[in-house]
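Worksheet: one structure, shown below.
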Amino acid sequence: MTVIGFRKGTAFDGDRPNWDGTGPRPLGWAAWYPAVGEPPKDEPAREGWFSNPCVARDAAIDRTEQPYPLVLLSHGSGGSASNLAWLAHHLAGNGFVVLAVNHHGHTGAEPYRAEGFLCLWERARDLSVLLDSQDWLQALQVQVDMDRIFTGGFSAGAYTTLLLAGAIAKFSQFDPANPFRGSNRGPLEFPTVADEIPSLLESSTVFRESWARVSHSYRDDRFKAFLPLAPARSVLCFDEESLGRIDRPVLVATGGSDKIAPVKQCSQWLCDRIDRAQLETISGAGHYIFLPEPTEKGLKEQPQFFSDSPGVDRKSVHDHVADLALALFKGPC
């Protein structure tokens, strides 16, 4: 039985300030990896909404198989690095090192910031900068196979992975100039975020500089394949010609009953414009099927995240998608 190690830390991007402008942008990270030692004993689910697999915290990495392939993961809007632990655990059990990041201002690991919800393109640079960081490499004492680096993400994290693949945004999702904005003023986690734009443009140099970077290219050719999970309406802000230039494998997985990001409007729209994209639609599944299984507390307090349709088993969906991820990341690029 493979022992799955787990470690957390924080790196910093010295080229971008935090949203307050008081220091460098923080990159809180979590890593899962093949480890040495005894498998952890089953332990009761921690307090909180999510029930995640057991891990050997701060265990030493198994160095016999180095260098390791690497997968970087990006959480959804307002989420955290641990939200894709089910996928990370499965990949680590099959010989990958997996690294996930908390996106500053857009993560539940810290107070929400309107800037983080509005400037989604900064998330792509988080992964590229973390890939360059020595912080986690030294903490894990790991060697990475630079020819086998991949990425995946859920919802806003799917948007992040597509930026790294070469998609270029034309608008922020809630920019008044965005023709696909619709009537919503913000997402579930920050429903009035669009109302913050005028004051931020007036008062925040950090925000203005980020806002001006919306249509920069964040393509990173070190990533060889991409796994967008439940891409949401933010992807409609992409320039269609940029999607046509994506030349590496993309596997889009989404729920067939997703009401937040309907298949035809989001996932199918993407796959129709990306030559090397494949679409996996999971019948009956909703948007939040890609979040972890719930604790009793989570099911009671946040049923909208965990109440799956009859006949849809969240663990079975996770296992299926994790197997698809393995095939994608082990296949030819």
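Labels used: A, B, ... for chains in the order of the structure tokens, numbers from 1 for residues in each chain, and numbers from 1 for ligands as shown.
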message = For the structure I just gave you, how does DSSP split stretch 64-130 of chain A - specifically, which residues are strand (DSSP E or B)? Reply as a PyMOL selection string.
response = chain A and resi 68-74+97-102
Just the selected residues (C-alpha atoms), exported as a PDB file, in the first residue's frame, please.
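New file out.pdb:
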```
ATOM      1  CA  TYR A  68       8.473  12.481 -10.162  1.00  0.00           C
ATOM      2  CA  PRO A  69       5.854  13.748 -12.579  1.00  0.00           C
ATOM      3  CA  LEU A  70       4.063  16.780 -11.152  1.00  0.00           C
ATOM      4  CA  VAL A  71       0.446  17.953 -11.236  1.00  0.00           C
ATOM      5  CA  LEU A  72      -0.569  21.450 -10.123  1.00  0.00           C
ATOM      6  CA  LEU A  73      -4.189  21.952  -9.051  1.00  0.00           C
ATOM      7  CA  SER A  74      -6.348  25.082  -8.857  1.00  0.00           C
ATOM      8  CA  VAL A  97       3.634  14.606  -6.761  1.00  0.00           C
ATOM      9  CA  VAL A  98       0.636  16.939  -6.567  1.00  0.00           C
ATOM     10  CA  LEU A  99       0.793  20.592  -5.609  1.00  0.00           C
ATOM     11  CA  ALA A 100      -2.222  22.855  -4.994  1.00  0.00           C
ATOM     12  CA  VAL A 101      -2.293  26.557  -4.191  1.00  0.00           C
ATOM     13  CA  ASN A 102      -4.568  28.953  -2.310  1.00  0.00           C
TER      14      ASN A 102
END
```
Considering only C-alpha atoms, give me a table of residues in stretch 60-176 of chain A that are at most 9 Å from stretch 242-250 of chain A, with the closest atom pair and distance in Å for each, as CSV.
```
residue,atom,partner,partner_atom,distance
A:Leu162,CA,A:Leu243,CA,8.5
A:Ala165,CA,A:Ile246,CA,6.1
A:Gly166,CA,A:Ile246,CA,5.7
A:Ala167,CA,A:Ser242,CA,5.1
A:Ile168,CA,A:Ser242,CA,5.9
A:Ala169,CA,A:Ser242,CA,8.8
```
ask   = Could you pull the residues within 10 Å of stretch 279-286 of chain A, counting only C-alpha atoms, minus those fewer than 5 positions along the same chain, as a VMD selection string?
value = chain A and resid 228 to 230 250 to 263 267 to 268 270 to 272 304 to 314 317 320 to 321 324
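Using only C-alpha atoms, the contacts of A:Thr205 at a cut-off of 12 Å, with sequence neighbours closer than 4 positions omitted, comprise Arg16, Pro17, Asn18, Trp19, Asp20, Gly21, Thr22, Glu115, Ser199, Leu200, Leu201, Glu209, Ser210, Trp211 and Ala212 of chain A.
Using only C-alpha atoms, the nearest neighbour of A:Asp147 within the list A:Arg273, A:Asp221, A:Lys264, A:Leu326 is A:Asp221.
Comparing the minimum interatomic distances between A:Gly23 and each of A:Leu91, A:Ser82, A:Ala124, A:Val206, counting only C-alpha atoms, we find that A:Val206 sits nearest.
Take the candidates A:Ala30, A:Cys119, A:Ala35, A:Val235 and check each one against A:Ile4 using only C-alpha atoms; the shortest distance goes to A:Ala35.
Taking only C-alpha atoms into account, A:Val3 lies nearest to A:Ile61 out of the set A:Ile61, A:Ala31, A:Ala177, A:Leu227.
Residue neighbourhood of A:Gly116, excluding near-sequence residues (fewer than 5 positions): Trp19, His103, His104, Gly105, His106, Thr107, Glu122 and Arg123 of chain A, at 9 Å, using only C-alpha atoms.
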With C-alpha atoms retained, could you export that selection as a compact mmCIF listing (two decimals), in the first residue's frame?
```txt
# COMPACT_ATOMS: atom_id res chain seq x y z
CA TRP A 19 -3.90 43.14 -2.60
CA HIS A 103 -5.28 31.84 -4.70
CA HIS A 104 -4.80 35.06 -2.71
CA GLY A 105 -8.05 36.97 -2.21
CA HIS A 106 -10.09 34.25 -3.90
CA THR A 107 -9.72 31.53 -1.30
CA GLU A 122 -3.72 36.35 -11.54
CA ARG A 123 -4.47 32.73 -10.62
```
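Interatomic distance, atom CA of A:Asn52 against atom CA of A:Ser80: 13.0 Å.
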remark   = If you count only C-alpha atoms, the residue of A:Phe117, A:Asn178, A:Trp136, A:Pro294 closest to A:Thr192 turns out to be A:Phe117
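Comparing A:Pro67, A:Trp49, A:Leu84, A:Arg181 by their smallest distance to A:Trp32, the closest is A:Leu84 (using only C-alpha atoms).
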